[in-house]
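Report on the structure given below.
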Amino acid sequence: MPEEQPAEFGRWSEVPWHYASRTQMKVSDLARRPGGPAVGYVAGRDFRDKEISVPLYDVRASRVSGASGPQLAAASGRRTAAVYECSSCGAQTQLPLSEDSGHLCVMCRRLADIGRFQAELRERREQTGAWARSLFAGGDLAITWVELTAAPDTPSGRRRPPLAGRVQVVDAQGKKLADVLVRLAGPRTQGAPQEAVAAGDGAQALSRVLAGRHQIVWGPLTVVEQRLAELGHPLSVSVESARPTGSWAGGRFWDDSLPTRFAQWRGELDPATGALRTPWEPGSADRLWWVLRRMSEHPAGDRTAGVSTAAGAVSEPS
């Protein structure tokens with residue numbers, strides 16, 4: 001049976017609770033010694049800030065150090081710098097706590113990080129509200145929802161161009177301007193929806209609707225534009241490409257793409273990881289309009305907007 005290879009970890013937060021380095025075992029308030037070979041390695045840095053791989057050992061296979069209980073007590077009394085009590089919750093930790101972390105245990109550090117993230121999201125929600133209000137205060141809008149009908153991959157796994165694209169457009173009042181299912185494949189290509197309009201007809205319809213309007217797009221509208229051009233039916237208007245944009249604030253990059261703005265406005269965090277959750281998609285142009293309206297109606301500084309007065313109550317538009 002082949003010998004199991006040591007695990008590799010990119011950061012200390014990935015290391016299981018029952019793995020520890022030789023130094024961690026030594027400085028524990030109940031010091032131990034490795035009792036077997038290294039079971040893993042974690043990326044770290046030495047005192048010269050040089051990248052190193054720190055060996056990890058299974059604590060369950062370790063042995064107690066030679067120090068007796070009275071010796072441990074005497075050593076504890078001589079300590080001046082090491083802190084083993086969380087300054088927030090009072091947990092009695094087995095490894096010393098860092099002054100850089102405010103002498104917080106892992107959980108309190110995580111709660112503090114999440115609290116900061118939530119505060120940043122509250123500020124970001126207000127910024128998103130101001131952005132959405134500026135949309136409706138401007139000129140004519142083309143709030144656009146795009147979905148593609150994918151073609152099956154080639155036998156070798158190469159992706160084929162999409163067969164069709166549905167483009168829905170509403171204006172600033174949520175009124176439908178267009179709902180076009182346009183063919184994006186050549187006439188000999190099988191599998192395209194039968195109800196899809198010809199590429200030329202679709203290009204004309206979309207050009208009329210988008211002309212002179214500020215485009216707010218969710219979905220691959222640029223793919224539709226490119227495919228129509230390749231088929232010889234370019235749009236007569238320029239489609240705004242969804243180039244990645246954003247800004248840094250508080251050491252965090254805030255993506256300005258529409259789906260990510262939506263996630264930031266919702267601000268729901270995964271309780272298991274603390275990461276920002278990806279919300280369910282609106283699903284159509286008129287539902288996207290309703291999302292943008294909700295964003296625009298979020299008043300600056302109001303942290304309770306959108307909260308129901310009845311716990312658990314959910315209202316939906318009729």
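The way I read the labels, and the way they are meant: chains A, B, ... in the order of the structure tokens, residue 1 as the first residue of every chain, and ligand 1 as the first ligand shown, with later ones counted on from there.
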* Asked: What residues in region 84-241 of chain A get the DSSP label strand (DSSP E or B)? Please answer as JSON, numbers by chain.
  -> {"A": [85, 92, 141, 142, 143, 144, 145, 146, 147, 148, 149, 164, 165, 166, 167, 168, 169, 170, 176, 177, 178, 179, 180, 181, 182, 183, 197, 214, 215, 216, 217, 218]}
* Long-range neighbours of Trp280 (chain A) as number ranges by chain, 12 Å cut-off, only C-alpha atoms, 5 positions minimum in chain -> A: 259-260, 262-263, 266, 268, 287-288, 291
* Using only C-alpha atoms, which residue out of A:His298, A:Arg213, A:Arg208, A:His103 lies closest to Gly139 (chain A)? -> A:Arg213
* Of the residues A:Arg48, A:Arg166, A:Lys175, A:Arg261, which is the one nearest to Val223 (chain A), using only C-alpha atoms? -> A:Arg166
* Separation of CA of Ser284 (chain A) from CA of Pro161 (chain A) in Å ->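 Computing it gives 22.6 Å between the two atoms.
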* To do: Excluding Pro271 (chain A) and any residue of its chain fewer than 6 positions from it, enumerate the residues within 12 Å of it, using only C-alpha atoms, and give them as a list in words.
  =>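 The contact residues come out as Arg110, Leu111, Ile114 and Arg277 of chain A.
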